[in-house]
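Trainee: I am sharing query-v8.txt, which consists of compact mmCIF, C-alpha atoms and all ligand atoms:
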```txt
# COMPACT_ATOMS: atom_id res chain seq x y z
CA MET A 23 0.00 0.00 0.00
CA ASN A 24 0.98 3.66 -0.38
CA LEU A 25 1.76 5.75 2.67
CA THR A 26 2.71 9.42 2.92
CA LEU A 27 5.13 9.77 5.82
CA HIS A 28 4.98 13.13 7.59
CA LEU A 29 8.54 12.80 8.90
CA THR A 30 8.30 16.09 10.74
CA ASP A 31 5.82 18.89 11.34
CA ASN A 32 8.70 21.34 11.26
CA CYS A 33 9.82 23.42 8.30
CA ASN A 34 12.58 25.93 7.53
CA MET A 35 10.18 27.97 5.42
CA ASP A 36 7.11 30.03 6.22
CA CYS A 37 4.91 30.10 3.12
CA SER A 38 1.92 32.43 3.33
CA TYR A 39 -0.53 29.72 2.20
CA CYS A 40 0.88 26.85 4.28
CA ILE A 41 -1.83 24.73 5.88
CA ARG A 42 0.46 22.87 8.28
CA GLU A 43 0.61 23.71 11.97
CA LYS A 44 4.37 23.93 12.49
CA CYS A 45 5.65 22.49 15.73
CA PRO A 46 8.92 20.74 16.43
CA LYS A 47 7.50 17.20 16.25
CA ASP A 48 9.52 14.56 14.42
CA MET A 49 8.73 10.95 13.60
CA SER A 50 10.52 8.40 15.80
CA GLU A 51 12.40 5.42 14.33
CA ASP A 52 9.82 3.16 15.95
CA VAL A 53 6.99 4.80 14.02
CA LEU A 54 9.08 4.89 10.85
CA PHE A 55 9.80 1.16 10.77
CA LYS A 56 6.22 0.26 11.73
CA ALA A 57 5.00 2.44 8.87
CA CYS A 58 7.39 0.68 6.47
CA ASP A 59 6.05 -2.70 7.66
CA LEU A 60 2.49 -1.48 7.10
CA ALA A 61 3.34 -0.41 3.54
CA PHE A 62 4.49 -3.99 2.82
CA SER A 63 1.54 -5.61 4.60
CA LYS A 64 -1.20 -4.86 2.04
CA GLY A 65 -1.46 -4.99 -1.72
CA THR A 66 1.02 -6.10 -4.37
CA ARG A 67 3.52 -3.29 -3.92
CA ALA A 68 4.83 -0.96 -1.22
CA GLY A 69 5.05 2.78 -1.81
CA LEU A 70 6.33 5.55 0.44
CA CYS A 71 6.09 9.28 -0.10
CA PHE A 72 8.40 11.34 2.13
CA PHE A 73 6.59 14.48 3.19
CA GLY A 74 6.52 17.09 5.93
CA GLY A 75 6.71 19.91 7.04
CA GLU A 76 10.01 19.68 5.21
CA PRO A 77 11.12 16.02 4.93
CA LEU A 78 14.80 16.85 4.29
CA LEU A 79 15.04 18.11 7.88
CA LYS A 80 14.95 14.37 8.65
CA LYS A 81 17.33 12.99 6.02
CA ASP A 82 18.53 10.39 8.54
CA LEU A 83 15.02 8.88 8.65
CA ILE A 84 14.79 8.83 4.86
CA TYR A 85 18.10 6.93 4.58
CA LYS A 86 16.92 4.44 7.23
CA ALA A 87 13.56 3.91 5.50
CA LEU A 88 15.22 3.36 2.12
CA ASP A 89 17.73 0.81 3.48
CA TYR A 90 14.98 -1.00 5.38
CA CYS A 91 12.46 -1.10 2.54
CA GLU A 92 14.99 -2.09 -0.12
CA GLU A 93 16.01 -5.02 2.09
CA ARG A 94 12.36 -6.00 2.69
CA SER A 95 11.68 -5.78 -1.00
CA LYS A 96 14.56 -8.19 -1.68
CA THR A 97 13.42 -10.72 0.91
CA THR A 98 9.68 -10.56 0.14
CA GLY A 99 9.82 -9.98 -3.62
CA ILE A 100 7.30 -7.13 -3.19
CA PRO A 101 8.26 -4.16 -5.37
CA PHE A 102 9.03 -0.95 -3.50
CA ASP A 103 8.90 2.59 -4.86
CA CYS A 104 9.33 5.97 -3.29
CA LYS A 105 8.83 9.65 -3.91
CA MET A 106 9.24 12.90 -2.03
CA THR A 107 7.81 16.39 -2.03
CA THR A 108 10.35 18.96 -0.83
CA ASN A 109 10.89 22.69 -0.75
CA GLY A 110 14.37 21.89 -2.10
CA THR A 111 16.42 24.20 0.12
CA LEU A 112 18.26 21.30 1.81
CA LEU A 113 19.00 19.19 -1.27
CA ASP A 114 22.64 18.19 -1.72
CA GLU A 115 24.61 15.86 -4.01
CA GLY A 116 25.00 13.10 -1.42
CA PHE A 117 21.26 12.90 -0.87
CA LEU A 118 20.48 13.07 -4.56
CA GLU A 119 22.87 10.20 -5.34
CA ARG A 120 21.09 8.04 -2.74
CA ALA A 121 17.72 9.13 -4.12
CA LYS A 122 18.87 8.20 -7.61
CA LYS A 123 19.88 4.73 -6.42
CA ALA A 124 16.37 4.32 -4.97
CA ASP A 125 14.82 5.67 -8.19
CA MET A 126 13.00 8.25 -6.10
CA GLY A 127 10.51 10.55 -7.84
CA ILE A 128 11.11 14.06 -6.53
CA GLY A 129 8.55 16.85 -6.68
CA LEU A 130 10.11 20.24 -6.02
CA SER A 131 7.68 22.75 -4.55
CA PHE A 132 8.69 25.80 -6.53
CA ASP A 133 6.44 28.67 -7.58
CA GLY A 134 8.73 29.88 -10.37
CA LYS A 135 8.75 33.68 -10.80
CA ALA A 136 6.21 33.91 -7.99
CA GLN A 137 8.47 32.11 -5.50
CA ASP A 138 9.31 35.12 -3.32
CA VAL A 139 5.73 36.37 -3.29
CA CYS A 140 4.60 33.59 -0.94
CA ARG A 141 7.51 31.25 -0.25
CA ILE A 142 9.96 32.76 2.21
CA PHE A 143 12.36 31.37 4.79
CA THR A 144 11.35 31.41 8.45
CA GLY A 145 12.55 34.87 9.44
CA GLY A 146 11.48 36.43 6.15
CA LYS A 147 14.38 36.04 3.71
CA PRO A 148 13.52 35.23 0.09
CA THR A 149 14.05 31.68 -1.16
CA SER A 150 14.11 31.99 -4.95
CA SER A 151 17.89 32.15 -5.52
CA VAL A 152 18.53 29.15 -3.23
CA VAL A 153 15.74 27.04 -4.75
CA GLU A 154 16.72 27.95 -8.30
CA GLU A 155 20.27 26.74 -7.68
CA LYS A 156 18.98 23.54 -6.05
CA ALA A 157 16.61 22.98 -8.98
CA GLY A 158 19.66 22.94 -11.28
CA LEU A 159 21.38 20.37 -9.07
CA LEU A 160 18.23 18.25 -8.86
CA LEU A 161 17.71 18.19 -12.62
CA LYS A 162 21.40 17.34 -13.19
CA VAL A 163 21.15 14.18 -11.05
CA LEU A 164 17.45 13.30 -11.53
CA PRO A 165 16.29 14.92 -14.79
CA GLY A 166 12.82 13.38 -14.51
CA SER A 167 12.01 15.43 -11.41
CA TYR A 168 8.98 17.69 -11.56
CA ALA A 169 8.03 21.11 -10.22
CA LEU A 170 4.90 21.74 -8.14
CA ALA A 171 3.68 25.33 -8.00
CA THR A 172 0.93 26.64 -5.75
CA ILE A 173 -0.60 29.89 -6.90
CA ALA A 174 -2.18 32.21 -4.34
CA PRO A 175 -4.17 35.29 -5.49
CA GLN A 176 -1.19 37.64 -5.05
CA ALA A 177 0.94 35.39 -7.30
CA VAL A 178 -1.56 35.23 -10.18
CA PRO A 179 0.17 37.95 -12.28
CA TYR A 180 3.28 35.70 -12.42
CA TYR A 181 1.45 32.50 -13.46
CA ALA A 182 2.22 32.26 -17.19
CA GLU A 183 5.72 33.69 -16.70
CA SER A 184 6.36 31.04 -14.05
CA VAL A 185 5.34 28.18 -16.35
CA LYS A 186 7.83 29.47 -18.92
CA HIS A 187 10.52 29.99 -16.29
CA LEU A 188 10.25 26.41 -15.01
CA HIS A 189 10.40 25.14 -18.59
CA ASP A 190 13.51 27.27 -19.24
CA LEU A 191 15.17 25.86 -16.13
CA GLY A 192 14.81 22.39 -17.64
CA PHE A 193 11.72 20.87 -16.02
CA LYS A 194 9.86 18.56 -18.39
CA ARG A 195 6.85 18.20 -16.11
CA VAL A 196 5.17 20.83 -13.94
CA SER A 197 1.93 21.04 -12.03
CA PHE A 198 0.21 24.27 -10.99
CA VAL A 199 -2.56 24.26 -8.41
CA ILE A 200 -4.35 27.17 -6.81
CA ALA A 201 -3.91 27.80 -3.08
CA TYR A 202 -6.84 26.91 -0.84
CA GLY A 203 -7.53 27.26 2.85
CA LYS A 204 -8.21 29.81 5.54
CA LYS A 205 -5.17 31.94 4.76
CA VAL A 206 -6.20 32.56 1.16
CA ASN A 207 -8.92 34.86 -0.11
CA TRP A 208 -9.86 34.77 -3.82
CA THR A 209 -11.88 37.65 -5.28
CA ASP A 210 -13.73 37.76 -8.61
CA ASP A 211 -10.99 40.06 -9.96
CA ASP A 212 -8.32 37.48 -9.00
CA LEU A 213 -10.25 34.77 -10.84
CA GLU A 214 -10.59 36.98 -13.91
CA ALA A 215 -6.83 37.61 -13.81
CA LEU A 216 -6.29 33.87 -13.41
CA ARG A 217 -8.33 33.21 -16.55
CA GLU A 218 -6.10 35.61 -18.51
CA GLN A 219 -2.99 33.87 -17.18
CA LEU A 220 -4.37 30.45 -18.11
CA GLU A 221 -5.09 31.73 -21.63
CA LEU A 222 -1.49 32.99 -21.90
CA THR A 223 -0.24 29.64 -20.61
CA ALA A 224 -2.30 27.77 -23.20
CA LYS A 225 -0.80 29.98 -25.91
CA TYR A 226 2.69 29.18 -24.67
CA LEU A 227 1.95 25.42 -24.53
CA LYS A 228 0.75 25.63 -28.13
CA GLU A 229 4.03 27.27 -29.19
CA LEU A 230 5.98 24.47 -27.50
CA PHE A 231 3.79 21.79 -29.14
CA ILE A 232 4.45 23.31 -32.58
CA LYS A 233 8.19 23.05 -31.81
CA LYS A 234 7.60 19.41 -30.75
CA ASP A 235 8.83 20.23 -27.24
CA MET A 236 7.48 17.48 -24.95
CA PHE A 237 6.90 19.74 -21.94
CA PHE A 238 3.90 18.54 -19.90
CA MET A 239 1.95 20.96 -17.73
CA SER A 240 -0.38 18.59 -15.93
CA THR A 241 -2.89 21.26 -14.86
CA ILE A 242 -4.02 21.63 -18.47
CA GLY A 243 -2.44 18.48 -19.98
CA SER A 244 -4.28 16.09 -17.65
CA LYS A 245 -7.62 17.71 -18.44
CA ILE A 246 -6.93 17.01 -22.13
CA SER A 247 -5.66 13.46 -21.64
CA ASP A 248 -8.42 12.51 -19.16
CA CYS A 249 -10.96 13.65 -21.76
CA ILE A 250 -9.32 11.60 -24.54
CA ARG A 251 -9.04 8.51 -22.33
CA GLY A 252 -12.54 8.94 -20.84
CA LYS A 253 -11.08 9.10 -17.33
CA ASN A 254 -12.79 10.86 -14.47
CA PRO A 255 -10.24 13.04 -12.60
CA ALA A 256 -12.34 12.79 -9.44
CA GLU A 257 -11.40 9.08 -9.30
CA ARG A 258 -7.83 10.06 -8.45
CA CYS A 259 -9.10 11.09 -5.05
CA HIS A 260 -10.03 8.09 -2.95
CA LEU A 261 -9.93 9.22 0.64
CA GLY A 262 -7.69 6.88 2.57
CA VAL A 263 -7.57 4.21 -0.10
CA ARG A 264 -4.80 5.17 -2.52
CA GLN A 265 -2.40 7.17 -0.35
CA MET A 266 -2.77 7.26 3.41
CA PRO A 267 -0.86 9.88 5.43
CA VAL A 268 1.03 8.86 8.58
CA THR A 269 1.58 11.60 11.19
CA PRO A 270 4.89 11.92 13.11
CA GLY A 271 3.14 10.13 16.00
CA GLY A 272 2.03 7.24 13.76
CA ASP A 273 -1.68 8.08 13.34
CA LEU A 274 -3.38 7.33 10.02
CA TYR A 275 -5.80 9.70 8.27
CA PRO A 276 -7.54 9.69 4.86
CA CYS A 277 -5.74 12.77 3.52
CA THR A 278 -3.35 15.46 4.70
CA SER A 279 -5.99 18.13 5.31
CA PHE A 280 -7.88 15.81 7.71
CA ILE A 281 -4.93 15.36 10.08
CA GLY A 282 -5.83 16.18 13.66
CA ASP A 283 -9.59 15.70 13.23
CA GLU A 284 -10.36 12.70 15.44
CA ARG A 285 -13.54 11.93 13.46
CA TYR A 286 -11.32 10.91 10.54
CA LEU A 287 -8.68 8.96 12.46
CA LEU A 288 -8.27 5.63 10.61
CA GLY A 289 -5.95 3.87 13.06
CA ASN A 290 -2.22 3.96 13.72
CA VAL A 291 0.89 2.12 12.60
CA PHE A 292 1.06 0.06 15.82
CA ASP A 293 -2.54 -1.21 15.96
CA GLY A 294 -3.24 -1.18 12.22
CA ILE A 295 -5.98 0.26 10.04
CA ASN A 296 -9.60 0.50 11.12
CA GLU A 297 -10.99 -1.09 7.95
CA ALA A 298 -14.63 -0.50 8.96
CA LYS A 299 -13.95 3.22 9.21
CA VAL A 300 -12.18 3.28 5.83
CA LEU A 301 -15.22 1.60 4.30
CA GLU A 302 -17.62 3.97 6.03
CA LEU A 303 -15.67 6.95 4.69
CA ALA A 304 -15.58 5.52 1.17
CA LYS A 305 -19.37 5.09 1.28
CA ARG A 306 -19.87 8.63 2.57
CA SER A 307 -17.85 10.33 -0.16
CA SER A 308 -19.99 10.88 -3.22
CA VAL A 309 -20.65 13.36 -6.00
CA PRO A 310 -21.73 16.61 -4.29
CA MET A 311 -25.45 17.37 -4.50
CA THR A 312 -24.78 20.70 -6.21
CA CYS A 313 -22.99 18.86 -9.04
CA ALA A 314 -25.83 16.48 -9.91
CA GLY A 315 -26.94 17.26 -13.45
CA CYS A 316 -23.84 19.32 -14.35
CA ASP A 317 -22.47 18.42 -17.81
CA LEU A 318 -18.93 18.59 -16.46
CA VAL A 319 -19.43 16.21 -13.59
CA LYS A 320 -17.11 13.57 -15.10
CA ARG A 321 -14.44 16.11 -16.05
CA CYS A 322 -14.19 17.93 -12.75
CA THR A 323 -12.37 17.28 -9.46
CA ASN A 324 -15.57 17.98 -7.53
CA SER A 325 -14.98 14.87 -5.38
CA CYS A 326 -11.58 15.95 -4.07
CA GLY A 327 -12.47 15.70 -0.39
CA CYS A 328 -9.30 17.50 0.59
CA ALA A 329 -9.98 20.65 -1.47
CA ASN A 330 -13.66 20.61 -0.56
CA ARG A 331 -12.91 20.35 3.12
CA MET A 332 -10.39 23.20 2.99
CA ASN A 333 -12.86 25.44 1.19
CA THR A 334 -16.22 24.58 2.72
CA GLY A 335 -15.42 22.48 5.81
CA ASN A 336 -17.31 19.55 4.22
CA GLU A 337 -15.60 16.91 2.04
CA ASN A 338 -18.75 16.52 -0.06
CA GLN A 339 -19.45 20.19 -0.73
CA VAL A 340 -17.74 22.07 -3.56
CA SER A 341 -16.99 25.78 -3.10
CA PRO A 342 -17.93 28.40 -5.72
CA LEU A 343 -14.17 28.99 -6.10
CA GLN A 344 -13.48 25.37 -7.02
CA CYS A 345 -16.45 25.28 -9.38
CA THR A 346 -15.42 28.50 -11.21
CA TYR A 347 -11.80 27.35 -11.43
CA GLU A 348 -12.74 23.92 -12.81
CA ARG A 349 -15.06 25.45 -15.41
CA MET A 350 -12.40 27.80 -16.74
CA LEU A 351 -9.74 25.10 -16.71
CA ILE A 352 -11.94 22.68 -18.68
CA GLU A 353 -12.97 25.35 -21.19
CA ILE A 354 -9.37 26.49 -21.85
CA SER A 355 -8.02 22.91 -21.95
CA ASP A 356 -10.72 21.78 -24.41
CA ARG A 357 -10.00 24.70 -26.73
CA LEU A 358 -6.26 24.04 -26.61
CA GLY A 359 -6.75 20.29 -27.12
CA GLU A 360 -8.83 20.94 -30.24
CA GLU A 361 -6.16 23.29 -31.65
CA LEU A 362 -3.29 20.91 -30.95
CA TYR A 363 -5.18 18.04 -32.59
CA GLN A 364 -5.69 20.12 -35.74
CA ILE A 365 -1.97 21.01 -35.83
CA ASP A 366 -0.56 17.48 -35.55
CA PRO A 367 -2.98 14.58 -34.80
CA GLU A 368 -0.16 12.03 -34.51
CA LEU A 369 1.87 14.00 -32.01
CA PHE A 370 -1.34 14.86 -30.16
CA ALA A 371 -2.13 11.14 -29.77
CA ARG A 372 1.43 10.41 -28.60
CA VAL A 373 1.30 13.10 -25.91
CA PHE A 374 -2.26 12.80 -24.64
CA ALA A 375 -3.83 9.45 -25.61
S1 LIG B 1 7.64 24.54 2.42
FE1 LIG B 1 5.69 23.43 2.61
S2 LIG B 1 5.55 22.87 4.81
FE2 LIG B 1 7.12 24.46 4.62
S3 LIG B 1 6.03 26.39 5.03
FE3 LIG B 1 6.04 26.06 2.79
S4 LIG B 1 4.10 25.00 2.32
FE4 LIG B 1 4.48 24.82 4.55
S1 LIG B 2 -18.19 22.40 -12.76
FE1 LIG B 2 -19.07 22.95 -10.74
S2 LIG B 2 -21.16 22.09 -10.73
FE2 LIG B 2 -20.03 21.12 -12.43
S3 LIG B 2 -19.22 19.21 -11.56
FE3 LIG B 2 -17.61 20.79 -11.34
S4 LIG B 2 -17.91 21.69 -9.29
FE4 LIG B 2 -19.78 20.54 -9.82
```
Before we go any further, please render this structure as structure tokens.
Ligand code: SF4
Ligand code: SF4
Mentor:
Amino acid sequence: MNLTLHLTDNCNMDCSYCIREKCPKDMSEDVLFKACDLAFSKGTRAGLCFFGGEPLLKKDLIYKALDYCEERSKTTGIPFDCKMTTNGTLLDEGFLERAKKADMGIGLSFDGKAQDVCRIFTGGKPTSSVVEEKAGLLLKVLPGSYALATIAPQAVPYYAESVKHLHDLGFKRVSFVIAYGKKVNWTDDDLEALREQLELTAKYLKELFIKKDMFFMSTIGSKISDCIRGKNPAERCHLGVRQMPVTPGGDLYPCTSFIGDERYLLGNVFDGINEAKVLELAKRSSVPMTCAGCDLVKRCTNSCGCANRMNTGNENQVSPLQCTYERMLIEISDRLGEELYQIDPELFARVFA
């Protein structure tokens, strides 16, 4: 099974949209090894995602988990894979060489040209020059690494420029999401500006496609490919089924944004998973009432319990923000998809089908 290990609640950065409560709580080795055992106990493969706070504050735990899981994989024959989401500031060559040996997928949280708007060090210093240098190092050792940008309202004017910047730095895959949660306030003007930035981004992606540049921006690209493949993006979100977070203390929850809410506690690494509760939660999550009858219901991430909960406090209730954002994203992606198909149907099929 897949587990997301919150190795620490601590972080060396202080992003304006961060949803984590930072406190100096780290995972113990006891919890770590129990979590590794749990990952191998269910399903046909074991997957770990190293997460935080900032996971590289606990490099020692990552090394221990890799050694332990690689050994277990050898003795059990169960395949093991790993990934990590990091702010990148603590990356170094030694770590990256070990990550390469483990074939680790690394997602670098990096907002491109908007980095210093929201992502600052604790104490207030800007992070862009450090992260840009680390991005170069990361791509040198692990060129398949991807960038993950989170766009808050104040960073919207930098959106399209940031996509280009990350491409120019050498990323082949990027994902842009909008910031949610109590610290973020979207106005109608922000959403209008976001639409303009998405249009500019689509124009840029079209230019790259014409040059046969295989850059993939999943925010728009996945909407196109899901449509071609008839996939429902909402199915990626299965609370507590596909990727279960483990807190530093070893508790299990359905998704990161639910951590700390006892009503969603699904067990812990010592006593195991409360399967009845997982089932109950799966039954409870459904297409939101307000979405019934909408033509876009199969194209939209309306069932992302995490986003819904952050916006409305209810995992089954979509916010007007999410609905407006999804509508504009689908409209712009569909228009771009149509244009790219007309330009080169063969290349279009290779990239998106
Ligand atoms: S790097 Fe991540 S955990 Fe750290 S403050 Fe920023 S959003 Fe929060
Ligand atoms: S576009 Fe809005 S109403 Fe339609 S499925 Fe998505 S969230 Fe629901």
Trainee: Counting all atoms listed in the file, which residues of chain A fall within 8 Å of ligand LIG 1 (chain B), and what is the closest atom pair for each with its distance in Å at one decimal, ordered by chain and rising number, as a Markdown table?
Mentor:
```
| residue | atom | partner | partner_atom | distance |
| --- | --- | --- | --- | --- |
| A:Asp31 | CA | B:LIG1 | S2 | 7.7 |
| A:Asn32 | CA | B:LIG1 | S2 | 7.3 |
| A:Cys33 | CA | B:LIG1 | FE2 | 4.7 |
| A:Asn34 | CA | B:LIG1 | FE2 | 6.4 |
| A:Met35 | CA | B:LIG1 | S3 | 4.5 |
| A:Asp36 | CA | B:LIG1 | S3 | 4.0 |
| A:Cys37 | CA | B:LIG1 | FE3 | 4.2 |
| A:Ser38 | CA | B:LIG1 | S3 | 7.5 |
| A:Tyr39 | CA | B:LIG1 | S4 | 6.6 |
| A:Cys40 | CA | B:LIG1 | FE4 | 4.1 |
| A:Ile41 | CA | B:LIG1 | FE4 | 6.4 |
| A:Arg42 | CA | B:LIG1 | FE4 | 5.8 |
| A:Lys44 | CA | B:LIG1 | S2 | 7.8 |
| A:Gly74 | CA | B:LIG1 | S2 | 6.0 |
| A:Gly75 | CA | B:LIG1 | S2 | 3.9 |
| A:Glu76 | CA | B:LIG1 | S2 | 5.5 |
| A:Thr108 | CA | B:LIG1 | S1 | 7.0 |
| A:Asn109 | CA | B:LIG1 | S1 | 4.9 |
| A:Ser131 | CA | B:LIG1 | S1 | 7.2 |
| A:Arg141 | CA | B:LIG1 | FE3 | 6.2 |
| A:Ile142 | CA | B:LIG1 | FE3 | 7.8 |
```
Trainee: Dump the neighbourhood of ligand LIG 2 (chain B) as a ChimeraX atom specification: all residues within 6 Å, distances computed on only C-alpha atoms and all ligand atoms.
Mentor: /A:312-313,316,318-319,322,324,340,345,348-349
Trainee: Counting all atoms listed in the file, figure out which residue out of A:Ala87, A:Leu160, A:Ile100, A:Leu170 gets nearest to Glu119 in chain A.
Mentor: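 Among the listed residues, the smallest separation from Glu119 in chain A belongs to A:Leu160.
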Trainee: Can you list, as a ChimeraX atom specification, every protein, DNA or RNA residue that comes within 12 Å of Met126 in chain A when you count only C-alpha atoms, leaving out same-chain residues fewer than 3 positions away?
Mentor: /A:69-72,84-85,88,102-107,117-123,129,160,163-168
Trainee: Between CA of Val309 in chain A and CA of Gln339 in chain A, what is the distance in Å, rounded to a tenth?
Mentor: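 Between these atoms lies a distance of 8.7 Å.
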Trainee: For a test of reading the model, state the distance in Å between CA of Ser151 in chain A and CA of Ile242 in chain A, rounded to one decimal.
Mentor: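 So the two atoms, CA of Ser151 in chain A and CA of Ile242 in chain A, lie 27.5 Å apart.
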Trainee: Quick one: distance from CA of Ala61 in chain A to CA of Leu27 in chain A in Å, one decimal?
Mentor: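 We find that CA of Ala61 in chain A and CA of Leu27 in chain A lie 10.6 Å from each other.
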Trainee: When distances are computed from all atoms listed in the file, which of A:Gly252, A:Gly315, A:Gly335, A:Gly289 shows the smallest separation from Ala375 in chain A?
Mentor: A:Gly252
Trainee: Using only C-alpha atoms, can you list as a short mmCIF file (atom, residue, chain, number, x, y, z; two decimals) with C-alpha atoms, in the frame of the given file the residues within 8 Å of (1.0, 17.1, -9.9)?
Mentor:
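And here is the file that came out, result26.cif:
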```
data_model
loop_
_atom_site.label_atom_id
_atom_site.label_comp_id
_atom_site.auth_asym_id
_atom_site.auth_seq_id
_atom_site.Cartn_x
_atom_site.Cartn_y
_atom_site.Cartn_z
CA LEU A 170 4.90 21.74 -8.14
CA VAL A 196 5.17 20.83 -13.94
CA SER A 197 1.93 21.04 -12.03
CA PHE A 198 0.21 24.27 -10.99
CA SER A 240 -0.38 18.59 -15.93
CA THR A 241 -2.89 21.26 -14.86
#
```
Trainee: Using only C-alpha atoms, can you tell me which of A:Tyr347, A:Phe62, A:Phe73, A:Phe238 comes closest to Val268 in chain A?
Mentor: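 For Val268 in chain A, the nearest of the given residues is A:Phe73.
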Trainee: Could you write out as lines of an AutoDock Vina configuration file the box around range 332-343 of chain A (axis-aligned, all atoms listed in the file, 3 Å on each side), with centre and edge lengths in Å to one decimal?
Mentor:
```
center_x = -14.9
center_y = 22.8
center_z = -0.1
size_x = 15.1
size_y = 18.5
size_z = 17.9
```
Trainee: For Asp356 in chain A, which residue out of A:Glu221, A:Asp293, A:Glu337, A:Asp235 is the nearest one, using all atoms listed in the file?
Mentor: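 Closest to Asp356 in chain A, using all atoms listed in the file: A:Glu221.
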Trainee: If you count only C-alpha atoms, which residues fall within 10 Å of Lys64 in chain A, apart from same-chain ones fewer than 5 positions away, as a PDB file with C-alpha atoms, in the coordinates of the input?
Mentor:
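Saved result, result00.pdb, follows:
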```pdb
ATOM      1  CA  MET A  23       0.000   0.000   0.000  1.00  0.00           C
ATOM      2  CA  ASN A  24       0.980   3.660  -0.380  1.00  0.00           C
ATOM      3  CA  ASP A  59       6.050  -2.700   7.660  1.00  0.00           C
TER       4      ASP A  59
END
```
Trainee: Show which residues sit within 8 Å of Leu159 in chain A, as a ChimeraX atom specification. Count only C-alpha atoms, and ignore same-chain residues fewer than 4 positions away.
Mentor: /A:114-115,155,163
Trainee: Find the residues near range 199-208 of chain A: any atom within 6 Å, counting all atoms listed in the file, skip ones fewer than 5 places away on the same chain, and give them as JSON, numbers by chain.
Mentor: {"A": [39, 172, 173, 174, 175, 332, 333]}
Trainee: May I ask you to restore N, CA and C atoms in range 44-55 of chain A and write the result as a short mmCIF file (atom, residue, chain, number, x, y, z; two decimals), keeping the file's coordinate frame?
Mentor:
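So result14.cif came out as:
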```cif
data_model
loop_
_atom_site.label_atom_id
_atom_site.label_comp_id
_atom_site.auth_asym_id
_atom_site.auth_seq_id
_atom_site.Cartn_x
_atom_site.Cartn_y
_atom_site.Cartn_z
N LYS A 44 2.96 24.30 12.25
CA LYS A 44 4.37 23.93 12.49
C LYS A 44 4.66 23.83 13.99
N CYS A 45 5.18 22.67 14.36
CA CYS A 45 5.65 22.49 15.73
C CYS A 45 6.80 21.49 15.65
N PRO A 46 7.73 21.58 16.57
CA PRO A 46 8.92 20.74 16.43
C PRO A 46 8.66 19.28 16.76
N LYS A 47 7.80 18.61 15.98
CA LYS A 47 7.50 17.20 16.25
C LYS A 47 8.03 16.34 15.11
N ASP A 48 8.92 15.44 15.43
CA ASP A 48 9.52 14.56 14.42
C ASP A 48 9.03 13.13 14.62
N MET A 49 9.09 12.36 13.53
CA MET A 49 8.73 10.95 13.60
C MET A 49 9.85 10.18 14.31
N SER A 50 9.49 9.22 15.15
CA SER A 50 10.52 8.40 15.80
C SER A 50 10.87 7.24 14.88
N GLU A 51 12.01 6.59 15.14
CA GLU A 51 12.40 5.42 14.33
C GLU A 51 11.38 4.30 14.49
N ASP A 52 10.84 4.18 15.69
CA ASP A 52 9.82 3.16 15.95
C ASP A 52 8.63 3.30 14.99
N VAL A 53 8.13 4.52 14.91
CA VAL A 53 6.99 4.80 14.02
C VAL A 53 7.40 4.57 12.57
N LEU A 54 8.60 5.02 12.23
CA LEU A 54 9.08 4.89 10.85
C LEU A 54 9.07 3.43 10.40
N PHE A 55 9.69 2.56 11.19
CA PHE A 55 9.80 1.16 10.77
C PHE A 55 8.43 0.46 10.76
#
```
